[in-house]
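Note sheet for the following structure.
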Amino acid sequence: DSGVTQTPKHLITATGQRVTLRCSPRSGDLSVYWYQQSLDQGLQFLIQYYNGEERAKGNILERFSAQQFPDLHSELNLSSLELGDSALYFCASRKGGSITDTQYFGPGTRLTVL
Amino acid sequence: AQKITQTQPGMFVQEKEAVTLDCTYDTSDQSYGLFWYKQPSSGEMIFLIYQGSYDEQNATEGRYSLNFQKARKSANLVISASQLGDSAMYFCAMREVDQTGANNLFFGTGTRLTVIP
């Protein structure tokens, strides 16, 4: 158990819908990362938050947005869902900005868009 | 150019044998970190081992060791005494600092290891 929690574990929805994925980082970790893992794209970095502020953006679509709340939990919002958004979405957390800090992953949310 | 290259899409190893999973990286930074993660079929990403660019000794964690060859920019994972539970996808990753000061973690495409009884 990495200490990072994600809910829900599985999500099945229809095209055009909107969903919210939730992540609670490990105790004491200020940075939260979101990744998308699909069969054809591998592990793609989406976005990073550090202590409530957006820190870095990766290959995140405009239909997707995220935020980190004062209690450091984070939510990833996916809207106007398409079939191609079906993937495993990971949240990861780490303490701070040191290059040596290990990033720990949550169990993931498996999203299926029908 | 790819930051992390894992050239072995799949590997097989006999139970109880050792196996080496290859990883090469590309960076011009002096300070960077190298990580290996395991992803079993259940899907979770499990941190295995870390090596810092300034670490002179190869990292070890139980049956896992990292064969770090800085001049060759390689960070191979060695798993000793393979067990059936080691069957999984293994990802090599590198963290470096970009021009904005942000730490980015780059992942390879992974190697699928199958342990044969």
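By order in the structure tokens, chains are A, B, ...; within a chain, residues start at 1; ligands start at 1, following the order shown.
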**Q.** Spatial neighbours of Asp22 (chain B), 10 Å, only C-alpha atoms, chain gap at least 5 places, as a list in words
**A.** Thr5, Gln6, Thr7, Gln8, Asn67, Ser74, Ala75, Asn76, Leu77, Val78, Cys92, Gly110 and Thr111 of chain B
Neighbour list for region 56-71 of chain A as a PyMOL selection string, cut-off 10 Å, only C-alpha atoms, skip fewer than 4 positions in-chain
(chain A and resi 18-25+30-36+44-52+75-81) or (chain B and resi 100-104)
Closest atom pairs, residues of chain B within 12 Å of chain A, only C-alpha atoms, as JSON lines:
```
{"residue": "B:Asp29", "atom": "CA", "partner": "A:Ile99", "partner_atom": "CA", "distance": 11.7}
{"residue": "B:Gln30", "atom": "CA", "partner": "A:Ile99", "partner_atom": "CA", "distance": 11.6}
{"residue": "B:Ser31", "atom": "CA", "partner": "A:Ile99", "partner_atom": "CA", "distance": 7.9}
{"residue": "B:Tyr32", "atom": "CA", "partner": "A:Ile99", "partner_atom": "CA", "distance": 6.4}
{"residue": "B:Gly33", "atom": "CA", "partner": "A:Thr100", "partner_atom": "CA", "distance": 6.0}
{"residue": "B:Leu34", "atom": "CA", "partner": "A:Thr100", "partner_atom": "CA", "distance": 8.7}
{"residue": "B:Phe35", "atom": "CA", "partner": "A:Thr102", "partner_atom": "CA", "distance": 8.0}
{"residue": "B:Trp36", "atom": "CA", "partner": "A:Thr102", "partner_atom": "CA", "distance": 10.3}
{"residue": "B:Tyr37", "atom": "CA", "partner": "A:Tyr104", "partner_atom": "CA", "distance": 9.6}
{"residue": "B:Lys38", "atom": "CA", "partner": "A:Phe105", "partner_atom": "CA", "distance": 10.9}
{"residue": "B:Gln39", "atom": "CA", "partner": "A:Pro107", "partner_atom": "CA", "distance": 10.2}
{"residue": "B:Pro40", "atom": "CA", "partner": "A:Pro107", "partner_atom": "CA", "distance": 11.1}
{"residue": "B:Ser41", "atom": "CA", "partner": "A:Pro107", "partner_atom": "CA", "distance": 11.8}
{"residue": "B:Ser42", "atom": "CA", "partner": "A:Pro107", "partner_atom": "CA", "distance": 8.9}
{"residue": "B:Gly43", "atom": "CA", "partner": "A:Pro107", "partner_atom": "CA", "distance": 7.1}
{"residue": "B:Glu44", "atom": "CA", "partner": "A:Pro107", "partner_atom": "CA", "distance": 4.7}
{"residue": "B:Met45", "atom": "CA", "partner": "A:Phe105", "partner_atom": "CA", "distance": 5.8}
{"residue": "B:Ile46", "atom": "CA", "partner": "A:Phe105", "partner_atom": "CA", "distance": 7.0}
{"residue": "B:Phe47", "atom": "CA", "partner": "A:Tyr104", "partner_atom": "CA", "distance": 6.6}
{"residue": "B:Leu48", "atom": "CA", "partner": "A:Thr102", "partner_atom": "CA", "distance": 10.0}
{"residue": "B:Ile49", "atom": "CA", "partner": "A:Thr102", "partner_atom": "CA", "distance": 9.1}
{"residue": "B:Tyr50", "atom": "CA", "partner": "A:Thr102", "partner_atom": "CA", "distance": 7.6}
{"residue": "B:Gln51", "atom": "CA", "partner": "A:Thr100", "partner_atom": "CA", "distance": 8.4}
{"residue": "B:Gly52", "atom": "CA", "partner": "A:Thr100", "partner_atom": "CA", "distance": 6.8}
{"residue": "B:Ser53", "atom": "CA", "partner": "A:Thr100", "partner_atom": "CA", "distance": 9.5}
{"residue": "B:Tyr54", "atom": "CA", "partner": "A:Thr100", "partner_atom": "CA", "distance": 10.6}
{"residue": "B:Asp55", "atom": "CA", "partner": "A:Thr100", "partner_atom": "CA", "distance": 11.0}
{"residue": "B:Met89", "atom": "CA", "partner": "A:Gly42", "partner_atom": "CA", "distance": 11.6}
{"residue": "B:Phe91", "atom": "CA", "partner": "A:Leu43", "partner_atom": "CA", "distance": 9.6}
{"residue": "B:Cys92", "atom": "CA", "partner": "A:Leu43", "partner_atom": "CA", "distance": 11.4}
{"residue": "B:Ala93", "atom": "CA", "partner": "A:Gln103", "partner_atom": "CA", "distance": 10.5}
{"residue": "B:Met94", "atom": "CA", "partner": "A:Ile99", "partner_atom": "CA", "distance": 9.7}
{"residue": "B:Arg95", "atom": "CA", "partner": "A:Ile99", "partner_atom": "CA", "distance": 6.5}
{"residue": "B:Glu96", "atom": "CA", "partner": "A:Ile99", "partner_atom": "CA", "distance": 6.8}
{"residue": "B:Val97", "atom": "CA", "partner": "A:Ile99", "partner_atom": "CA", "distance": 7.5}
{"residue": "B:Asp98", "atom": "CA", "partner": "A:Ala56", "partner_atom": "CA", "distance": 10.4}
{"residue": "B:Gln99", "atom": "CA", "partner": "A:Ala56", "partner_atom": "CA", "distance": 11.8}
{"residue": "B:Thr100", "atom": "CA", "partner": "A:Ala56", "partner_atom": "CA", "distance": 9.3}
{"residue": "B:Gly101", "atom": "CA", "partner": "A:Gly97", "partner_atom": "CA", "distance": 9.2}
{"residue": "B:Ala102", "atom": "CA", "partner": "A:Ala56", "partner_atom": "CA", "distance": 6.8}
{"residue": "B:Asn103", "atom": "CA", "partner": "A:Ile99", "partner_atom": "CA", "distance": 6.7}
{"residue": "B:Asn104", "atom": "CA", "partner": "A:Ala56", "partner_atom": "CA", "distance": 8.3}
{"residue": "B:Leu105", "atom": "CA", "partner": "A:Phe45", "partner_atom": "CA", "distance": 8.3}
{"residue": "B:Phe106", "atom": "CA", "partner": "A:Phe45", "partner_atom": "CA", "distance": 8.4}
{"residue": "B:Phe107", "atom": "CA", "partner": "A:Leu43", "partner_atom": "CA", "distance": 7.0}
{"residue": "B:Gly108", "atom": "CA", "partner": "A:Leu43", "partner_atom": "CA", "distance": 8.4}
{"residue": "B:Thr109", "atom": "CA", "partner": "A:Gly42", "partner_atom": "CA", "distance": 6.3}
{"residue": "B:Gly110", "atom": "CA", "partner": "A:Gly42", "partner_atom": "CA", "distance": 8.5}
{"residue": "B:Thr111", "atom": "CA", "partner": "A:Gly42", "partner_atom": "CA", "distance": 11.7}
```
**Request:** From the DSSP assignment of the backbone, select every residue of region 60-110 of chain B that is strand (DSSP E), and format the answer as a ChimeraX atom specification.
**Result:** /B:60-61,64-69,74-79,88-97,103-107
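For the pair CA of Glu17 (chain B) and CA of Arg63 (chain B), the interatomic distance is 11.3 Å.
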Enter the distance from CA of Arg94 (chain A) to CA of Gly28 (chain A), in Å, rounded to one decimal.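 Value for the CA of Arg94 (chain A)-CA of Gly28 (chain A) distance: 8.4 Å.
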(request) Rounded to one decimal place, report the CA of Gln17 (chain A)-CA of Val4 (chain A) distance in Å. (result)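 These atoms are spaced 26.4 Å apart.
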